[in-house]
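Engineer: Provided herewith: entry10.txt, compact mmCIF, C-alpha atoms and all ligand atoms.
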```
# COMPACT_ATOMS: atom_id res chain seq x y z
CA MET U 1 49.06 -41.83 22.99
CA VAL U 2 48.30 -45.20 21.45
CA ILE U 3 50.95 -47.11 19.52
CA VAL U 4 49.53 -49.90 17.40
CA GLY U 5 52.16 -52.63 17.07
CA ALA U 6 54.79 -53.93 19.49
CA GLY U 7 57.47 -54.59 16.85
CA PRO U 8 60.79 -52.72 16.79
CA ALA U 9 59.19 -49.55 15.33
CA GLY U 10 56.47 -49.32 18.00
CA CYS U 11 58.59 -50.30 20.99
CA VAL U 12 61.58 -48.09 20.13
CA THR U 13 59.12 -45.20 19.69
CA ALA U 14 57.64 -45.89 23.13
CA THR U 15 61.04 -46.25 24.82
CA THR U 16 62.24 -42.96 23.34
CA VAL U 17 59.05 -41.17 24.42
CA ASP U 18 60.13 -42.20 27.92
CA PRO U 19 56.60 -42.01 29.35
CA ARG U 20 57.53 -41.97 33.03
CA ARG U 21 59.76 -38.92 32.60
CA SER U 22 57.93 -37.12 29.81
CA GLY U 23 54.53 -37.66 31.44
CA LEU U 24 53.11 -38.79 28.09
CA ARG U 25 50.85 -41.74 28.80
CA THR U 26 51.73 -44.42 26.24
CA LEU U 27 49.71 -47.52 25.49
CA ILE U 28 51.06 -50.14 23.05
CA LEU U 29 48.51 -52.52 21.56
CA ASP U 30 49.39 -55.73 19.72
CA TYR U 31 47.23 -58.64 18.60
CA ARG U 32 49.93 -61.19 19.38
CA ARG U 33 49.77 -63.13 22.63
CA ILE U 34 53.57 -63.07 23.01
CA VAL U 35 55.70 -60.23 21.68
CA GLY U 36 57.66 -61.28 18.57
CA VAL U 37 55.98 -64.69 18.28
CA PRO U 38 55.67 -66.14 15.70
CA VAL U 39 58.80 -64.81 14.01
CA GLN U 40 58.18 -63.30 10.57
CA ASP U 41 61.71 -62.45 9.51
CA GLY U 42 64.88 -63.71 7.84
CA GLU U 43 66.71 -62.65 11.02
CA GLY U 44 69.57 -60.87 9.25
CA LEU U 45 70.57 -57.45 10.60
CA PRO U 46 73.32 -55.05 9.55
CA ASP U 47 75.53 -53.83 12.39
CA TYR U 48 75.63 -50.13 13.26
CA GLY U 49 78.76 -49.37 11.19
CA GLU U 50 77.13 -50.96 8.14
CA MET U 51 73.90 -49.09 8.75
CA ARG U 52 75.82 -45.79 8.91
CA ARG U 53 77.37 -46.55 5.54
CA ILE U 54 73.94 -47.25 4.07
CA VAL U 55 72.11 -44.37 5.80
CA PRO U 56 74.65 -41.63 6.52
CA GLY U 57 73.78 -39.23 9.32
CA ILE U 58 72.04 -41.66 11.67
CA ASP U 59 72.62 -41.34 15.38
CA CYS U 60 71.27 -44.39 17.19
CA GLU U 61 74.23 -46.59 18.12
CA GLU U 62 72.66 -47.51 21.46
CA LEU U 63 69.82 -49.33 19.66
CA PHE U 64 72.36 -51.77 18.22
CA ASP U 65 73.90 -52.53 21.60
CA PHE U 66 72.05 -55.74 22.37
CA PRO U 67 72.13 -57.74 25.58
CA ALA U 68 73.35 -61.35 25.38
CA GLY U 69 71.00 -63.85 23.80
CA ILE U 70 69.84 -61.88 20.75
CA VAL U 71 72.80 -62.15 18.36
CA ARG U 72 73.31 -65.70 17.12
CA HIS U 73 76.12 -65.38 14.62
CA ARG U 74 78.53 -62.79 13.19
CA ILE U 75 78.19 -62.09 9.47
CA GLU U 76 81.19 -60.80 7.51
CA GLY U 77 79.79 -60.73 4.00
CA MET U 78 77.26 -61.89 1.43
CA LYS U 79 77.58 -64.73 -1.03
CA PHE U 80 75.62 -64.06 -4.21
CA VAL U 81 74.80 -67.03 -6.42
CA ALA U 82 73.98 -66.15 -10.04
CA PRO U 83 71.59 -68.19 -12.23
CA SER U 84 74.65 -69.74 -13.93
CA GLY U 85 75.72 -71.11 -10.53
CA ARG U 86 78.68 -68.75 -10.31
CA ALA U 87 79.18 -67.42 -6.78
CA TYR U 88 80.48 -64.00 -5.78
CA VAL U 89 81.30 -62.58 -2.37
CA GLY U 90 80.42 -59.03 -1.33
CA ASP U 91 81.04 -57.05 1.80
CA LEU U 92 78.36 -56.64 4.49
CA LYS U 93 78.90 -56.62 8.23
CA GLY U 94 76.14 -57.70 10.52
CA TRP U 95 74.62 -60.51 12.48
CA THR U 96 71.95 -63.11 12.39
CA ILE U 97 69.70 -62.81 15.39
CA ASP U 98 66.80 -64.40 17.21
CA ARG U 99 64.16 -61.97 16.08
CA ASP U 100 61.60 -62.86 18.77
CA ARG U 101 64.20 -62.02 21.42
CA LEU U 102 65.03 -58.71 19.72
CA ASP U 103 61.36 -57.69 19.82
CA GLN U 104 61.06 -58.82 23.44
CA HIS U 105 64.14 -56.80 24.38
CA PHE U 106 62.67 -53.61 22.85
CA ALA U 107 59.27 -54.27 24.46
CA ALA U 108 60.87 -54.80 27.88
CA GLN U 109 62.71 -51.48 27.54
CA ALA U 110 59.47 -49.69 26.64
CA VAL U 111 57.67 -51.16 29.66
CA GLU U 112 60.61 -50.31 31.92
CA ARG U 113 60.32 -46.69 30.81
CA GLY U 114 56.65 -46.68 31.76
CA ALA U 115 54.77 -47.68 28.60
CA GLU U 116 51.75 -49.93 29.07
CA LEU U 117 51.73 -53.00 26.84
CA GLN U 118 48.42 -54.66 26.06
CA LEU U 119 48.68 -57.90 24.09
CA SER U 120 45.94 -60.02 22.45
CA THR U 121 44.29 -56.80 21.28
CA ARG U 122 43.59 -56.37 17.59
CA VAL U 123 42.98 -52.87 16.30
CA VAL U 124 40.32 -52.96 13.63
CA ARG U 125 40.28 -49.29 12.62
CA VAL U 126 41.21 -45.81 13.61
CA GLU U 127 38.85 -42.88 13.23
CA ASN U 128 38.97 -39.25 14.38
CA GLY U 129 41.23 -39.81 17.36
CA THR U 130 39.62 -43.12 18.35
CA VAL U 131 41.23 -46.55 18.18
CA TRP U 132 38.68 -49.31 17.68
CA THR U 133 39.35 -52.79 18.99
CA ALA U 134 37.00 -55.65 19.86
CA GLY U 135 36.66 -54.04 23.30
CA GLU U 136 36.01 -50.46 24.38
CA PRO U 137 37.09 -47.76 21.91
CA ILE U 138 40.17 -45.84 23.08
CA ARG U 139 40.51 -42.08 22.62
CA ALA U 140 44.03 -40.78 22.00
CA ARG U 141 45.62 -37.48 21.09
CA TRP U 142 48.32 -39.22 19.07
CA ILE U 143 47.94 -42.52 17.26
CA ILE U 144 51.01 -44.28 15.93
CA GLY U 145 50.74 -46.87 13.17
CA ALA U 146 53.63 -49.23 13.89
CA ASP U 147 51.49 -52.13 12.79
CA GLY U 148 53.63 -53.60 10.05
CA PRO U 149 53.19 -54.13 6.31
CA ASN U 150 49.39 -54.47 6.33
CA SER U 151 48.89 -51.47 8.59
CA VAL U 152 45.29 -50.98 9.68
CA VAL U 153 46.17 -47.48 10.87
CA ALA U 154 47.51 -46.51 7.43
CA ALA U 155 44.49 -48.03 5.70
CA SER U 156 42.00 -46.23 7.98
CA VAL U 157 43.43 -42.73 7.76
CA PRO U 158 42.69 -40.75 4.60
CA GLY U 159 45.88 -39.46 2.98
CA LEU U 160 48.16 -42.13 4.43
CA GLY U 161 47.08 -45.30 2.62
CA PRO U 162 48.26 -48.92 2.32
CA ASN U 163 51.62 -50.26 1.12
CA ARG U 164 52.17 -51.25 -2.48
CA ALA U 165 54.30 -53.86 -4.25
CA MET U 166 54.06 -56.60 -1.66
CA CYS U 167 56.44 -59.54 -1.79
CA ARG U 168 55.14 -62.79 -0.30
CA CYS U 169 57.68 -64.85 1.65
CA ALA U 170 57.99 -68.34 3.09
CA PHE U 171 60.83 -69.40 5.34
CA VAL U 172 61.96 -72.10 7.71
CA VAL U 173 64.33 -72.28 10.62
CA VAL U 174 66.36 -75.47 10.53
CA GLU U 175 68.73 -77.09 13.02
CA GLY U 176 72.16 -78.12 11.74
CA ASP U 177 75.72 -76.99 11.35
CA PHE U 178 75.61 -73.52 9.77
CA ARG U 179 78.77 -71.75 10.89
CA GLU U 180 79.70 -69.93 7.67
CA ASP U 181 80.09 -66.19 8.14
CA LEU U 182 78.41 -65.31 4.83
CA ILE U 183 74.71 -64.91 4.21
CA GLU U 184 73.71 -66.53 0.92
CA LEU U 185 71.41 -64.96 -1.66
CA TRP U 186 70.44 -66.93 -4.76
CA PHE U 187 69.12 -65.17 -7.83
CA GLY U 188 67.46 -66.46 -10.96
CA ARG U 189 64.10 -66.68 -12.63
CA GLU U 190 63.25 -69.87 -10.75
CA TRP U 191 62.72 -67.61 -7.70
CA LYS U 192 59.84 -65.83 -9.48
CA GLY U 193 60.86 -62.24 -9.13
CA GLY U 194 62.49 -62.57 -5.74
CA TYR U 195 65.47 -64.42 -4.30
CA PHE U 196 66.28 -67.40 -2.13
CA TRP U 197 68.16 -66.78 1.12
CA LEU U 198 70.16 -68.89 3.52
CA PHE U 199 71.17 -67.01 6.66
CA PRO U 200 73.48 -69.06 8.92
CA LYS U 201 72.80 -68.85 12.65
CA GLY U 202 75.51 -71.20 13.94
CA THR U 203 73.55 -74.27 14.99
CA GLN U 204 70.56 -73.11 12.97
CA ALA U 205 69.79 -71.38 9.69
CA ASN U 206 66.94 -69.21 8.50
CA ILE U 207 66.18 -70.28 4.92
CA GLY U 208 63.50 -68.73 2.77
CA LEU U 209 62.41 -66.90 -0.31
CA GLY U 210 60.21 -64.09 -1.43
CA VAL U 211 58.25 -64.06 -4.66
CA ARG U 212 56.33 -61.52 -6.67
CA GLY U 213 53.08 -62.21 -8.53
CA ARG U 214 51.09 -65.38 -8.09
CA ALA U 215 53.77 -67.99 -7.43
CA ASN U 216 53.38 -70.09 -4.29
CA PRO U 217 56.42 -69.33 -2.09
CA ARG U 218 55.93 -72.35 0.14
CA GLU U 219 55.93 -74.83 -2.77
CA LEU U 220 59.05 -73.24 -4.21
CA LEU U 221 60.75 -73.32 -0.83
CA ASP U 222 59.93 -76.98 -0.27
CA ALA U 223 61.44 -77.88 -3.64
CA ALA U 224 64.57 -75.86 -2.82
CA LEU U 225 64.86 -77.49 0.62
CA ALA U 226 64.58 -80.96 -0.92
CA ARG U 227 67.53 -80.10 -3.18
CA LEU U 228 69.53 -78.58 -0.35
CA SER U 229 68.99 -81.66 1.82
CA ARG U 230 70.97 -83.74 -0.71
CA ARG U 231 74.16 -81.84 0.13
CA LYS U 232 73.55 -80.70 3.70
CA SER U 233 71.90 -82.34 6.68
CA PHE U 234 69.41 -80.37 8.73
CA ARG U 235 66.17 -80.76 10.65
CA LEU U 236 63.25 -78.40 10.23
CA SER U 237 62.19 -76.74 13.49
CA PHE U 238 59.95 -73.84 12.44
CA ARG U 239 57.95 -72.74 9.44
CA GLY U 240 56.88 -69.15 8.86
CA GLY U 241 55.86 -66.60 6.30
CA GLY U 242 54.90 -63.01 5.83
CA VAL U 243 54.82 -60.12 3.42
CA VAL U 244 57.34 -57.37 2.75
CA PRO U 245 56.36 -54.01 1.27
CA LEU U 246 58.72 -53.19 -1.63
CA GLY U 247 57.06 -49.97 -2.80
CA GLY U 248 59.43 -47.61 -0.99
CA LEU U 249 58.81 -44.84 1.49
CA LYS U 250 55.19 -43.65 1.45
CA PRO U 251 54.50 -40.19 0.04
CA ARG U 252 52.99 -39.17 3.37
CA LEU U 253 53.99 -40.42 6.80
CA ALA U 254 51.92 -38.29 9.17
CA ASN U 255 49.09 -35.86 9.65
CA GLU U 256 48.53 -33.72 12.73
CA HIS U 257 47.64 -36.61 15.06
CA VAL U 258 48.61 -39.84 13.30
CA ALA U 259 52.08 -41.02 12.26
CA LEU U 260 53.31 -44.17 10.53
CA VAL U 261 56.64 -45.79 11.32
CA GLY U 262 58.53 -48.90 10.19
CA ASP U 263 56.93 -51.23 7.65
CA ALA U 264 53.62 -49.38 8.01
CA ALA U 265 55.39 -46.37 6.46
CA GLY U 266 57.16 -48.41 3.75
CA MET U 267 60.56 -48.10 5.46
CA VAL U 268 61.99 -51.20 3.82
CA PHE U 269 64.83 -51.43 1.29
CA PRO U 270 62.88 -52.44 -1.82
CA SER U 271 65.83 -54.21 -3.44
CA ASN U 272 66.45 -56.60 -0.53
CA GLY U 273 63.44 -56.51 1.80
CA GLY U 274 65.41 -55.48 4.89
CA GLY U 275 63.50 -53.17 7.21
CA THR U 276 64.25 -53.95 10.85
CA ALA U 277 67.06 -51.41 11.25
CA CYS U 278 65.00 -48.69 9.50
CA ALA U 279 62.08 -49.40 11.85
CA MET U 280 64.41 -48.98 14.83
CA LEU U 281 66.02 -45.73 13.74
CA ALA U 282 62.75 -44.16 12.60
CA GLY U 283 61.15 -45.20 15.91
CA LYS U 284 63.81 -43.25 17.74
CA ILE U 285 63.17 -40.10 15.65
CA LEU U 286 59.41 -40.39 16.13
CA GLY U 287 59.82 -40.94 19.87
CA GLU U 288 62.00 -37.85 20.19
CA THR U 289 59.46 -35.75 18.29
CA LEU U 290 56.62 -36.90 20.54
CA ARG U 291 58.60 -36.57 23.76
CA GLU U 292 59.52 -33.00 22.89
CA ARG U 293 55.90 -32.28 21.89
CA ARG U 294 56.95 -31.12 18.46
CA PRO U 295 54.56 -31.40 15.51
CA LEU U 296 54.53 -34.73 13.69
CA ALA U 297 55.54 -32.85 10.54
CA ASP U 298 59.00 -32.52 12.17
CA TYR U 299 59.23 -36.29 12.42
CA GLU U 300 58.31 -36.65 8.77
CA GLN U 301 60.88 -34.07 7.73
CA ARG U 302 63.71 -35.59 9.79
CA VAL U 303 63.05 -39.15 8.78
CA ARG U 304 62.74 -38.20 5.10
CA LYS U 305 66.05 -36.39 5.25
CA LEU U 306 67.72 -39.61 6.36
CA LEU U 307 65.81 -42.34 4.61
CA GLU U 308 64.34 -40.86 1.45
CA ARG U 309 67.48 -41.06 -0.69
CA PRO U 310 68.72 -44.51 0.33
CA LEU U 311 65.24 -46.01 0.00
CA ALA U 312 64.65 -44.27 -3.36
CA ARG U 313 67.99 -45.60 -4.68
CA SER U 314 67.03 -49.05 -3.50
CA LEU U 315 63.65 -48.71 -5.24
CA THR U 316 65.38 -47.82 -8.50
CA MET U 317 67.59 -50.88 -8.06
CA ARG U 318 64.54 -53.06 -7.41
CA ARG U 319 62.91 -51.79 -10.60
CA LEU U 320 66.06 -52.57 -12.53
CA LEU U 321 66.15 -56.04 -11.02
CA ASP U 322 62.46 -56.49 -11.86
CA VAL U 323 63.42 -56.24 -15.54
CA THR U 324 66.15 -58.84 -15.22
CA PHE U 325 64.62 -61.19 -12.66
CA TYR U 326 62.96 -63.35 -15.31
CA ARG U 327 65.91 -63.24 -17.73
CA ASP U 328 68.76 -65.35 -16.42
CA GLY U 329 71.27 -64.21 -19.05
CA MET U 330 70.74 -60.54 -18.18
CA LEU U 331 70.87 -61.29 -14.48
CA ASP U 332 74.17 -63.16 -14.95
CA LEU U 333 75.55 -60.15 -16.78
CA MET U 334 74.32 -57.72 -14.15
CA MET U 335 75.89 -59.79 -11.41
CA ARG U 336 79.20 -59.91 -13.31
CA LEU U 337 79.07 -56.11 -13.50
CA ALA U 338 78.17 -55.84 -9.82
CA ASP U 339 81.35 -57.73 -9.03
CA HIS U 340 83.19 -54.69 -10.39
CA THR U 341 80.89 -51.84 -9.33
CA GLY U 342 80.27 -53.17 -5.82
CA TRP U 343 77.75 -55.51 -4.24
CA ARG U 344 76.36 -52.95 -1.83
CA ARG U 345 74.92 -51.08 -4.80
CA PHE U 346 73.52 -54.28 -6.26
CA ILE U 347 71.69 -55.35 -3.14
CA ILE U 348 71.01 -51.99 -1.48
CA GLY U 349 70.97 -49.50 -4.34
C1 LIG A 1 59.70 -63.36 5.81
C2 LIG A 1 60.35 -62.05 6.10
C3 LIG A 1 61.74 -61.98 6.15
C4 LIG A 1 62.36 -60.75 6.47
N1 LIG A 1 63.70 -60.75 6.61
C5 LIG A 1 64.32 -59.61 7.04
C6 LIG A 1 65.68 -59.62 7.35
O1 LIG A 1 66.36 -60.66 7.29
N2 LIG A 1 66.25 -58.46 7.76
C7 LIG A 1 65.52 -57.31 7.89
O2 LIG A 1 66.09 -56.26 8.28
N3 LIG A 1 64.22 -57.28 7.61
C8 LIG A 1 63.58 -58.41 7.21
N4 LIG A 1 62.23 -58.39 6.99
C9 LIG A 1 61.48 -57.15 7.21
C10 LIG A 1 61.34 -56.91 8.70
O3 LIG A 1 60.75 -58.03 9.31
C11 LIG A 1 60.44 -55.66 8.93
O4 LIG A 1 60.95 -54.59 8.18
C12 LIG A 1 60.39 -55.28 10.41
O5 LIG A 1 59.79 -56.29 11.18
C13 LIG A 1 59.58 -53.98 10.58
O6 LIG A 1 59.31 -53.73 11.95
P1 LIG A 1 57.94 -53.02 12.36
O7 LIG A 1 58.04 -52.80 13.82
O8 LIG A 1 57.68 -51.88 11.47
O9 LIG A 1 56.80 -54.07 12.01
P2 LIG A 1 56.54 -55.53 12.59
O10 LIG A 1 57.79 -56.15 13.08
O11 LIG A 1 55.77 -56.23 11.53
O12 LIG A 1 55.62 -55.28 13.84
C14 LIG A 1 54.28 -54.93 13.70
C15 LIG A 1 53.54 -55.36 14.95
O13 LIG A 1 52.19 -54.89 14.83
C16 LIG A 1 51.30 -55.92 15.23
N5 LIG A 1 50.04 -55.65 14.52
C17 LIG A 1 49.84 -55.66 13.18
N6 LIG A 1 48.57 -55.33 12.90
C18 LIG A 1 47.96 -55.11 14.09
C19 LIG A 1 46.63 -54.76 14.46
N7 LIG A 1 45.68 -54.55 13.54
N8 LIG A 1 46.32 -54.65 15.79
C20 LIG A 1 47.28 -54.86 16.73
N9 LIG A 1 48.55 -55.20 16.43
C21 LIG A 1 48.89 -55.32 15.13
C22 LIG A 1 51.99 -57.22 14.84
O14 LIG A 1 51.55 -58.28 15.63
C23 LIG A 1 53.47 -56.88 15.09
O15 LIG A 1 53.86 -57.24 16.40
C24 LIG A 1 61.58 -59.59 6.66
C25 LIG A 1 60.19 -59.66 6.60
C26 LIG A 1 59.58 -60.87 6.32
C27 LIG A 1 58.07 -60.95 6.28
```
Write the structure described by the file as structure tokens, please.
Ligand SMILES: Cc1cc2nc3c(=O)[nH]c(=O)nc-3n(C[C@H](O)[C@H](O)[C@H](O)COP(=O)(O)OP(=O)(O)OC[C@H]3O[C@@H](n4cnc5c(N)ncnc54)[C@H](O)[C@@H]3O)c2cc1C
Structural biologist:
Amino acid sequence: MVIVGAGPAGCVTATTVDPRRSGLRTLILDYRRIVGVPVQDGEGLPDYGEMRRIVPGIDCEELFDFPAGIVRHRIEGMKFVAPSGRAYVGDLKGWTIDRDRLDQHFAAQAVERGAELQLSTRVVRVENGTVWTAGEPIRARWIIGADGPNSVVAASVPGLGPNRAMCRCAFVVVEGDFREDLIELWFGREWKGGYFWLFPKGTQANIGLGVRGRANPRELLDAALARLSRRKSFRLSFRGGGVVPLGGLKPRLANEHVALVGDAAGMVFPSNGGGTACAMLAGKILGETLRERRPLADYEQRVRKLLERPLARSLTMRRLLDVTFYRDGMLDLMMRLADHTGWRRFIIG
């Protein structure tokens, strides 16, 4: 089996397959030279209890039991800032993490269980059971597309197809005193169809924004950082970016020999862009299916049963927000209402 992508989706799949015990030879390919580097993430993660509230029926607590060095800061809630400047606080339990270390932890587990990890290897296409890279083509009975938002596997396989509704993001990691236990989300039309985030990490923060359409996220972010620097002192240590698929779960996740998982399958909450936990839990379900040599249709069925409704609700919420994102008055009103109906619904759906 070949897994394309050594992110959380690919590595949790490989660990669960448990190659040494199941006898299923598992090769993970990734074009990066170092797993998880560079980071392309806001580094916010719900804890397991929160994830169970959002996706009832999950059974993967062990995936959220991290060794020391991954979690940076405990998060107790979310601070929402409306276009009027009014701030609200909503409930959400989780952490901010070092995302590169999270990926490296999952990759180490996969290798420990007997998966082979080959870095610096870009997959260019997949065709009839063959994975094409710059080197020798690799034949595989199963091919797993865990290759993120711009999945080459999804694009190469008829019937699976690319993600839609991409949100372009820019972010920075800054050094400073960021010990608040609330993640901040700023809404308003100045964020061009997305939102601005500030995720405290203790002695660091991950600050960024995502935009829709043609706006330049980096320019917007620089302007926002210049404003922030007037009231808070910090030093920039890393600049990153990436895209988030906000189109919801794909209509098809697998055929007989190819399956998509994580961002490649559209497993991202469209109203907030969070997808790491979904990638982890879907990776476990896919790994179990493969290990037990069950058809990939079983994986699709199980993962749909869990994720379809929460992701569809979140997509509806995103569409509602799309209408208000450029109208500050409406957004203010919606946020006032959310303060009564609950912030989880506003941000998750
Ligand atoms: C800026 C930004 C901020 C985000 N913030 C958050 C957040 O705060 N919380 C949250 O939960 N989610 C967040 N997300 C989403 C989250 O990062 C993803 O949902 C999560 O990484 C999905 O994991 P994955 O394993 O499916 O894909 P990825 O983590 O993207 O892993 C895919 C892997 O495949 C490799 N790859 C891709 N193409 C190829 C190829 N052709 N050949 C070989 N290897 C390939 C890549 O190098 C990568 O290692 C954010 C995303 C972005 C871009």
Engineer: State, in Å with one decimal place, the distance from atom CA of U:Gly266 to atom N9 of ligand LIG 1 (chain A).
Structural biologist: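 That distance, rounded to one decimal, is 16.8 Å.
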Engineer: Extract, using all atoms listed in the file, all DNA, RNA and protein residues at most 7 Å from U:Leu209, discarding same-chain residues fewer than 2 positions from it, and format them as a PDB file with C-alpha atoms, keeping the file's coordinate frame.
Structural biologist:
```
ATOM      1  CA  CYS U 169      57.680 -64.850   1.650  1.00  0.00           C
ATOM      2  CA  ALA U 170      57.990 -68.340   3.090  1.00  0.00           C
ATOM      3  CA  PHE U 171      60.830 -69.400   5.340  1.00  0.00           C
ATOM      4  CA  GLY U 194      62.490 -62.570  -5.740  1.00  0.00           C
ATOM      5  CA  TYR U 195      65.470 -64.420  -4.300  1.00  0.00           C
ATOM      6  CA  PHE U 196      66.280 -67.400  -2.130  1.00  0.00           C
ATOM      7  CA  TRP U 197      68.160 -66.780   1.120  1.00  0.00           C
ATOM      8  CA  VAL U 211      58.250 -64.060  -4.660  1.00  0.00           C
ATOM      9  CA  PRO U 217      56.420 -69.330  -2.090  1.00  0.00           C
ATOM     10  CA  LEU U 221      60.750 -73.320  -0.830  1.00  0.00           C
TER      11      LEU U 221
END
```
Engineer: Pick out the residues sitting within 9 Å of stretch 47-63 of chain U, and hand them over as a PDB file with C-alpha atoms, in the frame of the given file; count only C-alpha atoms, and ignore anything fewer than 3 positions along from it in its own chain.
Structural biologist:
```
ATOM      1  CA  VAL U  12      61.580 -48.090  20.130  1.00  0.00           C
ATOM      2  CA  PHE U  66      72.050 -55.740  22.370  1.00  0.00           C
ATOM      3  CA  LEU U  92      78.360 -56.640   4.490  1.00  0.00           C
ATOM      4  CA  LYS U  93      78.900 -56.620   8.230  1.00  0.00           C
ATOM      5  CA  GLY U  94      76.140 -57.700  10.520  1.00  0.00           C
ATOM      6  CA  TRP U  95      74.620 -60.510  12.480  1.00  0.00           C
ATOM      7  CA  PHE U 106      62.670 -53.610  22.850  1.00  0.00           C
ATOM      8  CA  ALA U 277      67.060 -51.410  11.250  1.00  0.00           C
ATOM      9  CA  CYS U 278      65.000 -48.690   9.500  1.00  0.00           C
ATOM     10  CA  MET U 280      64.410 -48.980  14.830  1.00  0.00           C
ATOM     11  CA  LEU U 281      66.020 -45.730  13.740  1.00  0.00           C
ATOM     12  CA  LYS U 284      63.810 -43.250  17.740  1.00  0.00           C
ATOM     13  CA  LEU U 306      67.720 -39.610   6.360  1.00  0.00           C
ATOM     14  CA  LEU U 307      65.810 -42.340   4.610  1.00  0.00           C
ATOM     15  CA  ARG U 309      67.480 -41.060  -0.690  1.00  0.00           C
ATOM     16  CA  PRO U 310      68.720 -44.510   0.330  1.00  0.00           C
ATOM     17  CA  ARG U 344      76.360 -52.950  -1.830  1.00  0.00           C
ATOM     18  CA  ILE U 348      71.010 -51.990  -1.480  1.00  0.00           C
TER      19      ILE U 348
END
```
Engineer: Provide an axis-aligned box for all listed atoms of ligand LIG 1 (chain A), padding each side by 3 Å; report its centre and its edge lengths in Å to one decimal, as AutoDock Vina command-line options.
Structural biologist:
```
--center_x 56.0 --center_y -57.6 --center_z 11.3 --size_x 26.7 --size_y 17.5 --size_z 16.9
```
Engineer: Need to verify the contact set: U:Met267, 9 Å, all atoms listed in the file, exclusion of same-chain residues closer than 4 positions in sequence. Can you return it as an mmCIF file with C-alpha atoms, keeping the file's coordinate frame?
Structural biologist:
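So selection-v2.cif came out as:
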```cif
data_model
loop_
_atom_site.group_PDB
_atom_site.id
_atom_site.type_symbol
_atom_site.label_atom_id
_atom_site.label_comp_id
_atom_site.auth_asym_id
_atom_site.auth_seq_id
_atom_site.Cartn_x
_atom_site.Cartn_y
_atom_site.Cartn_z
ATOM 1 C CA PRO U 245 56.360 -54.010 1.270
ATOM 2 C CA LEU U 246 58.720 -53.190 -1.630
ATOM 3 C CA GLY U 248 59.430 -47.610 -0.990
ATOM 4 C CA LEU U 249 58.810 -44.840 1.490
ATOM 5 C CA LYS U 250 55.190 -43.650 1.450
ATOM 6 C CA VAL U 261 56.640 -45.790 11.320
ATOM 7 C CA GLY U 262 58.530 -48.900 10.190
ATOM 8 C CA ASP U 263 56.930 -51.230 7.650
ATOM 9 C CA GLY U 274 65.410 -55.480 4.890
ATOM 10 C CA GLY U 275 63.500 -53.170 7.210
ATOM 11 C CA THR U 276 64.250 -53.950 10.850
ATOM 12 C CA CYS U 278 65.000 -48.690 9.500
ATOM 13 C CA ALA U 279 62.080 -49.400 11.850
ATOM 14 C CA ALA U 282 62.750 -44.160 12.600
ATOM 15 C CA LEU U 307 65.810 -42.340 4.610
ATOM 16 C CA LEU U 311 65.240 -46.010 0.000
#
```
Engineer: Taking all atoms listed in the file into account, list the residues no farther than 6 Å from ligand LIG 1 (chain A), as number ranges by chain.
Structural biologist: U: 4-10, 29-32, 36, 40-45, 121-124, 146-148, 151-152, 169-170, 241-244, 262-264, 268, 273-277, 279
Engineer: Please report, as a Markdown table, each residue of stretch 169-277 of chain U lying at most 12 Å from stretch 333-342 of chain U, together with the nearest pair of atoms and the separation in Å rounded to one decimal; use all atoms listed in the file, and order rows by chain and ascending residue number.
Structural biologist:
```
| residue | atom | partner | partner_atom | distance |
| --- | --- | --- | --- | --- |
| U:Leu185 | CA | U:Met335 | CA | 11.9 |
| U:Trp186 | CA | U:Met335 | CA | 11.2 |
| U:Phe187 | CA | U:Met335 | CA | 9.4 |
| U:Gly188 | CA | U:Met335 | CA | 10.8 |
```
